[in-house]
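**Q** Coordinates in upload.cif, mmCIF, C-alpha atoms and all ligand atoms, are listed below.
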```cif
data_structure
loop_
_atom_site.label_atom_id
_atom_site.label_comp_id
_atom_site.auth_asym_id
_atom_site.auth_seq_id
_atom_site.Cartn_x
_atom_site.Cartn_y
_atom_site.Cartn_z
CA MET A 1 109.83 65.74 85.43
CA ASN A 2 106.82 67.03 83.53
CA ILE A 3 104.80 69.66 85.39
CA GLY A 4 101.18 70.19 84.35
CA LEU A 5 100.38 73.87 84.85
CA LEU A 6 96.82 75.19 84.99
CA GLY A 7 96.78 78.75 83.69
CA GLY A 8 99.14 80.47 81.28
CA GLY A 9 99.52 84.07 82.48
CA GLN A 10 102.74 85.87 83.38
CA LEU A 11 103.11 83.95 86.64
CA GLY A 12 103.10 80.76 84.58
CA LEU A 13 105.65 82.22 82.18
CA MET A 14 108.06 83.02 85.02
CA MET A 15 107.52 79.57 86.57
CA ILE A 16 108.41 77.96 83.23
CA GLU A 17 111.68 79.94 83.14
CA ALA A 18 112.50 78.59 86.63
CA ALA A 19 111.51 75.03 85.65
CA HIS A 20 113.81 75.10 82.63
CA LYS A 21 116.77 76.12 84.80
CA LEU A 22 116.13 72.94 86.82
CA LYS A 23 115.71 70.92 83.59
CA HIS A 24 112.02 70.18 84.10
CA LYS A 25 109.35 70.49 81.41
CA VAL A 26 106.05 72.34 81.68
CA ILE A 27 102.77 71.48 79.94
CA VAL A 28 100.33 74.39 80.07
CA LEU A 29 96.54 74.27 79.90
CA ASP A 30 94.78 77.57 79.19
CA LYS A 31 91.80 78.66 77.09
CA ASP A 32 93.83 81.36 75.36
CA LYS A 33 96.23 80.10 72.68
CA ASN A 34 98.09 83.41 72.83
CA CYS A 35 98.59 83.50 76.61
CA CYS A 36 102.02 84.55 77.92
CA ALA A 37 103.10 81.03 78.88
CA SER A 38 102.17 79.46 75.51
CA LYS A 39 105.35 80.73 73.85
CA LYS A 40 107.80 79.31 76.40
CA CYS A 41 106.16 76.08 77.57
CA ASP A 42 107.20 72.62 76.33
CA SER A 43 103.68 71.65 75.32
CA PHE A 44 100.49 73.68 75.17
CA ILE A 45 96.91 72.49 75.45
CA SER A 46 94.20 74.96 74.63
CA GLY A 47 90.90 74.08 76.26
CA ASP A 48 88.47 74.34 79.10
CA TYR A 49 89.44 73.46 82.67
CA LYS A 50 86.17 71.57 83.00
CA ASN A 51 86.54 69.35 79.92
CA ARG A 52 87.42 65.81 81.00
CA LYS A 53 89.07 64.88 77.67
CA THR A 54 91.26 67.97 77.87
CA LEU A 55 92.24 67.16 81.45
CA GLU A 56 93.10 63.59 80.46
CA LEU A 57 95.33 64.97 77.73
CA LEU A 58 97.13 67.08 80.34
CA ALA A 59 97.25 64.19 82.82
CA ASN A 60 98.80 61.83 80.26
CA GLN A 61 101.74 64.17 79.75
CA SER A 62 102.29 65.30 83.38
CA ASP A 63 103.82 63.79 86.52
CA THR A 64 102.66 66.53 88.87
CA PHE A 65 100.26 69.51 88.78
CA THR A 66 100.21 73.11 89.95
CA VAL A 67 98.32 76.38 89.31
CA GLU A 68 99.24 79.95 88.45
CA THR A 69 95.77 81.32 89.21
CA GLU A 70 93.26 80.62 91.97
CA ASN A 71 90.42 80.51 89.45
CA ILE A 72 90.65 76.80 88.71
CA PRO A 73 87.55 74.72 89.55
CA VAL A 74 88.08 72.51 92.58
CA GLU A 75 86.60 69.53 90.67
CA THR A 76 89.37 69.93 88.08
CA LEU A 77 92.11 69.77 90.72
CA ASN A 78 90.45 66.85 92.50
CA PHE A 79 90.18 64.96 89.18
CA LEU A 80 93.87 65.54 88.40
CA SER A 81 94.84 64.25 91.86
CA ASN A 82 94.06 60.76 90.51
CA PHE A 83 97.05 61.11 88.19
CA GLY A 84 99.71 62.77 90.37
CA PRO A 85 100.27 65.22 93.23
CA VAL A 86 98.36 68.52 92.99
CA ARG A 87 100.23 71.25 94.88
CA PRO A 88 98.46 73.27 96.26
CA SER A 89 95.47 70.95 96.71
CA GLY A 90 91.96 71.56 95.39
CA ASN A 91 90.77 72.19 98.94
CA CYS A 92 93.38 74.92 99.56
CA VAL A 93 92.71 76.59 96.20
CA SER A 94 88.95 76.50 96.83
CA ILE A 95 89.42 78.49 100.06
CA CYS A 96 91.59 81.12 98.32
CA GLN A 97 89.28 81.54 95.30
CA ASP A 98 86.22 82.54 97.31
CA ARG A 99 86.37 85.60 99.57
CA ILE A 100 83.46 84.33 101.67
CA LYS A 101 85.15 80.97 102.39
CA GLU A 102 88.54 82.65 102.81
CA LYS A 103 87.35 85.13 105.44
CA ALA A 104 85.35 82.45 107.26
CA PHE A 105 88.43 80.20 107.42
CA ILE A 106 90.77 82.96 108.61
CA SER A 107 88.32 84.13 111.31
CA SER A 108 87.69 80.54 112.40
CA ILE A 109 91.35 80.21 113.40
CA GLY A 110 91.26 83.44 115.41
CA ILE A 111 92.97 85.77 112.91
CA PRO A 112 91.41 89.21 112.27
CA VAL A 113 89.87 90.11 108.91
CA VAL A 114 88.35 93.49 107.95
CA PRO A 115 84.75 93.86 109.30
CA HIS A 116 82.43 92.62 106.55
CA TYR A 117 79.07 91.11 105.71
CA LYS A 118 78.49 88.31 103.27
CA ILE A 119 75.86 89.14 100.68
CA LYS A 120 74.18 86.32 98.79
CA SER A 121 70.71 87.77 98.27
CA VAL A 122 68.73 91.02 98.55
CA SER A 123 67.33 89.73 101.84
CA ASP A 124 70.91 89.70 103.23
CA ILE A 125 71.09 93.41 102.32
CA LYS A 126 67.72 94.16 103.92
CA LYS A 127 69.00 92.76 107.23
CA LEU A 128 71.91 95.25 107.32
CA PRO A 129 71.80 98.42 109.43
CA ASN A 130 70.20 101.34 107.59
CA LYS A 131 73.27 103.52 107.88
CA LEU A 132 76.34 101.87 106.35
CA PRO A 133 79.93 103.05 106.84
CA PRO A 134 81.84 103.77 103.59
CA SER A 135 82.32 100.27 102.22
CA ILE A 136 83.54 98.24 99.26
CA LEU A 137 81.43 95.55 97.64
CA LYS A 138 83.67 92.77 96.30
CA THR A 139 82.51 89.81 94.24
CA ALA A 140 83.33 86.64 96.17
CA LYS A 141 85.01 85.07 93.13
CA SER A 142 87.16 86.00 90.12
CA GLY A 143 88.21 89.51 91.17
CA TYR A 144 91.77 90.69 90.63
CA ASP A 145 93.60 94.03 90.30
CA GLY A 146 90.65 95.80 91.91
CA LYS A 147 88.21 94.35 89.33
CA GLY A 148 84.86 93.28 90.74
CA GLN A 149 85.02 95.99 93.44
CA PHE A 150 82.57 98.85 93.94
CA ASN A 151 82.42 101.77 96.35
CA ILE A 152 79.22 101.73 98.38
CA LYS A 153 77.79 104.68 100.26
CA THR A 154 74.16 103.82 100.96
CA LYS A 155 71.93 100.78 101.24
CA GLN A 156 70.04 101.69 98.06
CA ASN A 157 73.34 102.08 96.26
CA LEU A 158 74.24 98.58 97.48
CA ILE A 159 70.96 97.08 96.27
CA ASP A 160 71.47 98.65 92.82
CA VAL A 161 75.08 97.49 92.42
CA PHE A 162 74.26 93.98 93.66
CA ASP A 163 71.41 93.83 91.12
CA GLU A 164 73.67 95.04 88.29
CA LEU A 165 76.10 92.25 89.20
CA GLY A 166 73.31 89.74 88.61
CA SER A 167 73.14 88.94 92.36
CA LEU A 168 76.55 87.24 92.38
CA PRO A 169 77.72 86.26 95.90
CA CYS A 170 79.73 89.17 97.37
CA VAL A 171 81.28 90.51 100.53
CA LEU A 172 80.63 94.05 101.73
CA GLU A 173 83.81 95.22 103.42
CA LYS A 174 84.26 98.30 105.58
CA ARG A 175 86.69 100.74 103.93
CA ILE A 176 89.51 101.15 106.42
CA ASN A 177 92.32 103.70 106.65
CA LEU A 178 95.43 101.98 105.39
CA THR A 179 98.61 102.87 107.23
CA LYS A 180 100.52 100.28 105.22
CA GLU A 181 99.87 97.32 102.95
CA LEU A 182 102.10 94.32 103.57
CA SER A 183 102.44 90.83 102.18
CA ILE A 184 104.42 87.73 102.96
CA ILE A 185 105.26 84.79 100.74
CA LEU A 186 105.69 81.41 102.39
CA VAL A 187 106.63 78.07 100.95
CA ARG A 188 105.71 74.68 102.43
CA ASP A 189 106.68 71.29 101.07
CA SER A 190 104.84 67.97 101.29
CA SER A 191 106.73 67.00 104.47
CA GLY A 192 105.57 70.19 106.23
CA ASN A 193 108.87 72.13 106.05
CA VAL A 194 108.11 75.88 105.92
CA ALA A 195 110.17 78.92 104.94
CA ASN A 196 109.27 82.55 104.32
CA TYR A 197 110.63 85.50 102.39
CA PRO A 198 110.99 88.84 104.19
CA ILE A 199 107.78 90.86 104.51
CA ALA A 200 107.12 93.11 101.51
CA GLU A 201 105.63 96.60 101.72
CA ASN A 202 103.25 97.36 98.87
CA GLN A 203 101.97 100.51 97.24
CA HIS A 204 98.78 100.35 95.17
CA LYS A 205 97.40 102.73 92.56
CA ASP A 206 93.69 102.46 91.71
CA GLY A 207 93.48 99.06 93.42
CA ILE A 208 96.43 97.65 91.41
CA LEU A 209 99.87 96.93 92.84
CA ASP A 210 102.32 99.62 91.74
CA THR A 211 105.50 98.93 93.71
CA SER A 212 106.58 96.29 96.19
CA THR A 213 109.67 96.67 98.38
CA MET A 214 111.36 93.79 100.15
CA PRO A 215 112.10 93.93 103.02
CA GLY A 216 109.38 96.37 104.05
CA ASP A 217 109.84 98.95 106.77
CA VAL A 218 107.85 97.25 109.54
CA ALA A 219 107.94 97.61 113.33
CA ARG A 220 109.20 94.57 115.27
CA GLU A 221 105.81 93.82 116.96
CA ILE A 222 103.95 93.97 113.64
CA LYS A 223 106.55 91.72 112.00
CA ASP A 224 106.11 89.13 114.72
CA GLN A 225 102.34 89.26 114.34
CA VAL A 226 102.62 88.81 110.55
CA TYR A 227 104.90 85.77 111.02
CA LEU A 228 102.59 84.23 113.62
CA TYR A 229 99.43 84.72 111.54
CA ALA A 230 101.16 83.50 108.38
CA LEU A 231 102.55 80.36 109.96
CA THR A 232 99.20 79.57 111.58
CA ILE A 233 97.37 79.96 108.26
CA ILE A 234 99.75 77.82 106.17
CA GLN A 235 99.86 75.06 108.77
CA ARG A 236 96.15 75.00 109.55
CA MET A 237 95.43 74.73 105.81
CA ASN A 238 97.94 71.87 105.56
CA TYR A 239 99.09 73.84 102.54
CA CYS A 240 101.67 72.53 100.10
CA GLY A 241 103.16 75.06 97.64
CA VAL A 242 103.82 78.81 97.45
CA LEU A 243 101.32 80.96 99.40
CA CYS A 244 101.08 84.74 99.53
CA ILE A 245 99.17 86.43 102.35
CA GLU A 246 98.18 90.08 101.92
CA PHE A 247 97.78 92.22 105.07
CA PHE A 248 96.28 95.61 105.84
CA LEU A 249 97.82 97.64 108.66
CA SER A 250 95.45 100.30 110.01
CA GLU A 251 97.23 102.29 112.73
CA ASP A 252 98.50 99.37 114.84
CA GLN A 253 95.72 96.94 113.86
CA LEU A 254 96.67 94.15 111.51
CA PHE A 255 94.11 92.37 109.30
CA VAL A 256 94.55 89.61 106.76
CA ASN A 257 93.17 90.90 103.45
CA GLU A 258 93.42 87.88 101.15
CA LEU A 259 95.37 84.75 100.24
CA ALA A 260 96.89 83.83 96.86
CA PRO A 261 97.68 80.12 96.35
CA ARG A 262 100.58 80.78 93.98
CA PRO A 263 103.56 83.09 93.40
CA HIS A 264 102.53 86.73 93.80
CA ASN A 265 103.29 90.08 92.22
CA SER A 266 104.84 91.26 95.49
CA GLY A 267 107.45 88.50 95.19
CA HIS A 268 108.82 89.19 91.71
CA GLN A 269 111.88 90.79 93.36
CA THR A 270 112.90 87.31 94.51
CA ILE A 271 113.96 86.44 90.92
CA GLU A 272 116.98 88.73 91.14
CA ALA A 273 117.28 89.36 94.89
CA SER A 274 116.93 85.94 96.49
CA LEU A 275 119.05 82.83 96.40
CA CYS A 276 115.95 80.96 95.19
CA SER A 277 112.98 82.77 93.63
CA GLN A 278 109.31 82.20 94.48
CA PHE A 279 108.93 80.59 91.03
CA GLU A 280 111.80 78.17 91.61
CA GLN A 281 110.21 77.24 94.95
CA GLN A 282 106.97 76.38 93.15
CA VAL A 283 108.91 74.12 90.79
CA ARG A 284 110.91 72.55 93.64
CA ILE A 285 107.78 71.80 95.69
CA SER A 286 105.91 70.43 92.65
CA THR A 287 108.77 68.08 91.80
CA SER A 288 109.41 67.03 95.43
CA MET A 289 112.83 68.71 95.60
CA PRO A 290 113.93 70.25 98.93
CA LEU A 291 112.89 73.89 99.48
CA GLY A 292 115.42 76.48 98.31
CA SER A 293 116.83 79.28 100.46
CA THR A 294 114.54 82.30 100.95
CA VAL A 295 117.47 84.53 101.96
CA LEU A 296 117.50 87.94 100.30
CA ARG A 297 120.92 88.93 98.94
CA CYS A 298 119.99 92.62 98.96
CA PRO A 299 116.91 94.83 99.34
CA ALA A 300 114.89 95.11 96.14
CA ARG A 301 111.87 96.82 94.64
CA THR A 302 109.49 95.66 91.93
CA LYS A 303 107.62 98.25 89.90
CA ASN A 304 104.85 97.15 87.58
CA LEU A 305 104.91 98.28 83.95
CA MET A 306 101.27 98.93 83.14
CA GLY A 307 99.69 99.17 79.69
CA ASP A 308 99.15 102.88 80.42
CA LEU A 309 102.82 103.44 79.55
CA TRP A 310 102.07 102.60 75.90
CA PHE A 311 99.52 105.42 75.65
CA LYS A 312 101.43 108.68 75.60
CA ASP A 313 98.40 110.54 74.46
CA LEU A 314 95.36 109.08 76.19
CA ASP A 315 92.95 110.96 73.91
CA ASN A 316 94.00 109.69 70.52
CA LYS A 317 94.64 106.16 71.86
CA LYS A 318 97.75 105.75 69.70
CA ILE A 319 99.97 102.92 70.95
CA VAL A 320 103.63 103.90 71.31
CA GLU A 321 106.32 101.50 72.60
CA PRO A 322 107.85 103.01 75.76
CA ASN A 323 111.45 104.20 75.59
CA TRP A 324 113.14 101.33 77.42
CA ASN A 325 116.46 103.20 77.48
CA LEU A 326 115.00 105.25 80.34
CA TYR A 327 114.95 102.14 82.53
CA LYS A 328 118.30 100.60 81.62
CA LYS A 329 120.16 101.45 84.79
CA SER A 330 122.72 99.33 86.55
CA GLY A 331 120.92 97.05 89.03
CA VAL A 332 117.61 97.26 87.15
CA THR A 333 116.13 94.32 85.24
CA ILE A 334 113.28 94.81 82.77
CA HIS A 335 110.79 91.95 82.48
CA LEU A 336 108.22 91.99 79.68
CA TYR A 337 105.53 89.31 79.54
CA GLY A 338 105.09 89.24 75.76
CA LYS A 339 101.50 90.52 75.80
CA THR A 340 100.79 91.89 72.33
CA ILE A 341 97.95 94.27 73.17
CA PRO A 342 98.64 96.95 75.80
CA ARG A 343 95.57 98.16 77.68
CA ILE A 344 95.12 100.72 80.43
CA GLY A 345 95.40 98.89 83.76
CA ARG A 346 96.93 95.74 82.18
CA LYS A 347 100.16 94.40 83.66
CA MET A 348 102.60 94.23 80.73
CA GLY A 349 105.80 93.59 82.67
CA HIS A 350 107.78 94.78 85.67
CA LEU A 351 111.10 96.28 86.68
CA THR A 352 113.20 94.99 89.54
CA GLU A 353 115.69 97.35 91.11
CA LEU A 354 118.34 96.03 93.49
CA PHE A 355 119.71 98.25 96.27
CA LEU A 356 123.01 98.05 98.07
CA LYS A 357 122.67 96.96 101.69
P1 LIG A 401 92.44 92.20 94.49
O1 LIG A 401 92.01 90.77 94.39
O2 LIG A 401 92.00 93.04 93.37
O3 LIG A 401 93.91 92.33 94.85
P2 LIG A 401 91.98 93.32 97.15
O4 LIG A 401 90.89 92.94 98.07
O5 LIG A 401 93.36 92.96 97.56
O6 LIG A 401 91.59 92.73 95.73
O7 LIG A 401 91.90 94.89 96.90
C1 LIG A 401 92.80 95.61 96.08
C2 LIG A 401 93.27 96.86 96.79
O8 LIG A 401 92.18 97.73 97.09
C3 LIG A 401 93.94 96.58 98.12
O9 LIG A 401 95.28 96.20 97.97
C4 LIG A 401 93.77 97.96 98.81
O10 LIG A 401 94.70 98.90 98.31
C5 LIG A 401 92.36 98.37 98.36
N1 LIG A 401 91.37 97.87 99.34
C6 LIG A 401 90.72 96.69 99.28
N2 LIG A 401 89.90 96.50 100.34
C7 LIG A 401 90.02 97.59 101.10
C8 LIG A 401 89.42 98.02 102.35
N3 LIG A 401 88.54 97.25 103.00
N4 LIG A 401 89.77 99.23 102.85
C9 LIG A 401 90.67 100.03 102.20
N5 LIG A 401 91.27 99.69 101.02
C10 LIG A 401 90.95 98.49 100.48
MG MG A 402 94.89 91.90 96.64
#
```
Re-express the file's structure as structure tokens.
**A**
Amino acid sequence: MNIGLLGGGQLGLMMIEAAHKLKHKVIVLDKDKNCCASKKCDSFISGDYKNRKTLELLANQSDTFTVETENIPVETLNFLSNFGPVRPSGNCVSICQDRIKEKAFISSIGIPVVPHYKIKSVSDIKKLPNKLPPSILKTAKSGYDGKGQFNIKTKQNLIDVFDELGSLPCVLEKRINLTKELSIILVRDSSGNVANYPIAENQHKDGILDTSTMPGDVAREIKDQVYLYALTIIQRMNYCGVLCIEFFLSEDQLFVNELAPRPHNSGHQTIEASLCSQFEQQVRISTSMPLGSTVLRCPARTKNLMGDLWFKDLDNKKIVEPNWNLYKKSGVTIHLYGKTIPRIGRKMGHLTELFLK
């Protein structure tokens, strides 16, 4: 089949590799002609997600549609649904792309989220208590890798940052003590069959995922709570596709942090460690194949390779290719996404290390 993919980043690239193994073709739509997925896809359309002619071009070549980023306009996904299945649906993606909607949905089904206020105007700020706990202001849309997040200490500080952001809708979240960060990837097909990978334990540096270990070291009661919350969320959304749910554990309190309606960085281990990777699941669900097995053959850890590695000497900004020989150990796979320009804080690739049981 021909899969129409919205977005051409590294997640798209790895989905294309999985699609080719199953002999499917992928047509990618992205603004950036040089995006990671453009080099490996079967057909590439460069254009705007909102342009009807561009979408018709994609629709004419595709049997089914999916996304590799949550930042796709809901109107685009609803339009494409006239031409074939869109998995996940526009409605599901629209919940995951907006922190305000996302938190409202999760709370509405009785699942805890971090204490927060929604901020849409200065008058929302004025209504807040005068003394704020240490908090983080997050733009409701388009944030990733800690971008669009600001530490807030006082109300005046909040007013200033909100103003600098051009009064974009935001959430103000209480900064909590993180005992652990966890995530779980679930897959659900169009008949409602659900499966999940083991819970991953994640370490972040400067708001960006650094390492992810699967399975994580998690107490039985917390595991059960993660499974229950995750299953409730995916079913209540009537979700079809690959869904990642990020959790914060603070002492013994579990909160849902955010949802990603696509394969996730904390599931890259599944390429080498699972019988069927998260990317293959996305392809299988898109093409109405049965779900693959989520069984892990062995424990595994993903470590991100950040652009920082290319800058040996941060002061003179000279770009030096890392010495890959350092990473070529038995059981370690090096993935590079083909990004030509390394930047500090940019994900350039990742390593997966497999461990004996
Ligand atoms: P992104 O979309 O960038 O992944 P997140 O909301 O997941 O945004 O935040 C990125 C990281 O920042 C989290 O994984 C966590 O390490 C830290 N963080 C975010 N919100 C909080 C919070 N309320 N309290 C403590 N740490 C937080
Ligand atoms: Mg996150």
**Q** I need every residue sitting at most 9 Å from the point (95.5, 99.3, 111.9) (coordinates as in the file, only C-alpha atoms considered), written as a compact mmCIF listing (two decimals) with C-alpha atoms, in the frame of the given file.
**A**
```txt
# COMPACT_ATOMS: atom_id res chain seq x y z
CA ILE A 176 89.51 101.15 106.42
CA ASN A 177 92.32 103.70 106.65
CA LEU A 178 95.43 101.98 105.39
CA THR A 179 98.61 102.87 107.23
CA LYS A 180 100.52 100.28 105.22
CA PHE A 248 96.28 95.61 105.84
CA LEU A 249 97.82 97.64 108.66
CA SER A 250 95.45 100.30 110.01
CA GLU A 251 97.23 102.29 112.73
CA ASP A 252 98.50 99.37 114.84
CA GLN A 253 95.72 96.94 113.86
CA LEU A 254 96.67 94.15 111.51
CA PHE A 255 94.11 92.37 109.30
```
**Q** If you take all atoms listed in the file and a cut-off of 12 Å, which residues of stretch 210-291 of chain A touch stretch 56-78 of chain A, and what are their nearest atom pairs and distances in Å to one decimal, in chain and number order, as a tab-separated table?
**A**
```
residue	atom	partner	partner_atom	distance
A:Cys240	CA	A:Thr66	CA	10.3
A:Gly241	CA	A:Thr66	CA	8.5
A:Val242	CA	A:Thr66	CA	10.1
A:Leu243	CA	A:Glu70	CA	11.0
A:Cys244	CA	A:Glu70	CA	11.6
A:Glu258	CA	A:Glu70	CA	11.7
A:Leu259	CA	A:Glu70	CA	9.5
A:Ala260	CA	A:Glu70	CA	6.9
A:Pro261	CA	A:Glu70	CA	6.2
A:Arg262	CA	A:Glu68	CA	5.8
A:Pro263	CA	A:Glu68	CA	7.3
A:His264	CA	A:Glu68	CA	9.2
A:Asn265	CA	A:Glu68	CA	11.5
A:Gln278	CA	A:Glu68	CA	12.0
A:Phe279	CA	A:Glu68	CA	10.0
A:Gln281	CA	A:Thr66	CA	11.9
A:Gln282	CA	A:Thr66	CA	8.2
A:Val283	CA	A:Thr66	CA	8.8
A:Arg284	CA	A:Thr64	CA	11.3
A:Ile285	CA	A:Thr66	CA	9.6
A:Ser286	CA	A:Thr64	CA	6.3
A:Thr287	CA	A:Thr64	CA	7.0
A:Ser288	CA	A:Thr64	CA	9.4
```
**Q** Output as a Markdown table one row per residue of chain A within 7 Å of ligand MG 402 (chain A): the closest atom pair and its distance in Å to one decimal place, counting all atoms listed in the file, sorted by chain and residue number ascending.
**A**
```
| residue | atom | partner | partner_atom | distance |
| --- | --- | --- | --- | --- |
| A:Tyr144 | CA | A:MG402 | MG | 6.9 |
| A:Asp145 | CA | A:MG402 | MG | 6.8 |
| A:Glu246 | CA | A:MG402 | MG | 6.5 |
| A:Glu258 | CA | A:MG402 | MG | 6.2 |
```
**Q** Please identify every polymer residue within 7 Å of ligand LIG 401 (chain A), using only C-alpha atoms and all ligand atoms, and present the set as an NGL selection string.
**A** :A and (114 or 135-136 or 143-147 or 173-178 or 181 or 204 or 207-209 or 257-258)
**Q** Here's a test: counting all atoms listed in the file, identify every protein, DNA and RNA residue with an atom at most 8 Å from (111.5, 84.4, 103.0) in the file's coordinate frame, and state them as a PyMOL selection string.
**A** chain A and resi 184-186+195-199+293-296
**Q** Determine, counting only C-alpha atoms, which protein, DNA and RNA residues have an atom within 10 Å of an atom of A:Val161; residues of the same chain fewer than 3 positions away are not included. Present the result as an MDAnalysis selection string.
**A** chainID A and resid 137 150:152 155:158 164:167
**Q** May I ask which of the residues A:Ala19, A:Met14, A:Ile222, A:Leu168 is the closest one to A:Ser183, counting only C-alpha atoms?
**A**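 Among A:Ala19, A:Met14, A:Ile222, A:Leu168, it is A:Ile222 that comes nearest to A:Ser183.
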**Q** As a compact mmCIF listing (two decimals), keeping the file's coordinate frame, could you write out stretch 96-113 of chain A once it has been completed with N, CA, C and O atoms?
**A**
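New file part_35.txt:
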```txt
# COMPACT_ATOMS: atom_id res chain seq x y z
N CYS A 96 91.01 79.85 98.79
CA CYS A 96 91.59 81.12 98.32
C CYS A 96 90.79 81.76 97.18
O CYS A 96 90.97 82.94 96.89
N GLN A 97 89.97 80.97 96.47
CA GLN A 97 89.28 81.54 95.30
C GLN A 97 87.93 82.16 95.67
O GLN A 97 87.26 82.73 94.82
N ASP A 98 87.55 82.07 96.93
CA ASP A 98 86.22 82.54 97.31
C ASP A 98 86.36 83.39 98.58
O ASP A 98 86.66 82.88 99.66
N ARG A 99 86.15 84.70 98.42
CA ARG A 99 86.37 85.60 99.57
C ARG A 99 85.52 85.23 100.78
O ARG A 99 85.92 85.47 101.91
N ILE A 100 84.32 84.67 100.54
CA ILE A 100 83.46 84.33 101.67
C ILE A 100 84.10 83.18 102.47
O ILE A 100 84.25 83.26 103.69
N LYS A 101 84.51 82.13 101.74
CA LYS A 101 85.15 80.97 102.39
C LYS A 101 86.46 81.38 103.06
O LYS A 101 86.78 80.92 104.15
N GLU A 102 87.22 82.22 102.35
CA GLU A 102 88.54 82.65 102.81
C GLU A 102 88.43 83.39 104.15
O GLU A 102 89.13 83.07 105.12
N LYS A 103 87.50 84.35 104.20
CA LYS A 103 87.35 85.13 105.44
C LYS A 103 86.82 84.25 106.56
O LYS A 103 87.24 84.41 107.72
N ALA A 104 85.91 83.34 106.23
CA ALA A 104 85.35 82.45 107.26
C ALA A 104 86.46 81.57 107.82
O ALA A 104 86.57 81.39 109.04
N PHE A 105 87.32 81.05 106.95
CA PHE A 105 88.43 80.20 107.42
C PHE A 105 89.39 80.99 108.31
O PHE A 105 89.75 80.55 109.40
N ILE A 106 89.77 82.17 107.85
CA ILE A 106 90.77 82.96 108.61
C ILE A 106 90.21 83.34 109.98
O ILE A 106 90.88 83.21 111.00
N SER A 107 88.94 83.77 110.01
CA SER A 107 88.32 84.13 111.31
C SER A 107 88.21 82.90 112.20
O SER A 107 88.39 83.01 113.41
N SER A 108 87.92 81.75 111.59
CA SER A 108 87.69 80.54 112.40
C SER A 108 88.95 80.12 113.15
O SER A 108 88.87 79.40 114.13
N ILE A 109 90.12 80.57 112.68
CA ILE A 109 91.35 80.21 113.40
C ILE A 109 91.87 81.40 114.23
O ILE A 109 93.03 81.45 114.61
N GLY A 110 90.97 82.36 114.47
CA GLY A 110 91.26 83.44 115.41
C GLY A 110 92.12 84.56 114.85
O GLY A 110 92.73 85.31 115.62
N ILE A 111 92.15 84.70 113.52
CA ILE A 111 92.97 85.77 112.91
C ILE A 111 92.03 86.85 112.37
O ILE A 111 91.03 86.53 111.72
N PRO A 112 92.36 88.14 112.65
CA PRO A 112 91.41 89.21 112.27
C PRO A 112 91.33 89.46 110.76
O PRO A 112 92.36 89.47 110.06
N VAL A 113 90.11 89.65 110.29
CA VAL A 113 89.87 90.11 108.91
C VAL A 113 89.09 91.43 109.02
O VAL A 113 88.52 91.71 110.07
```
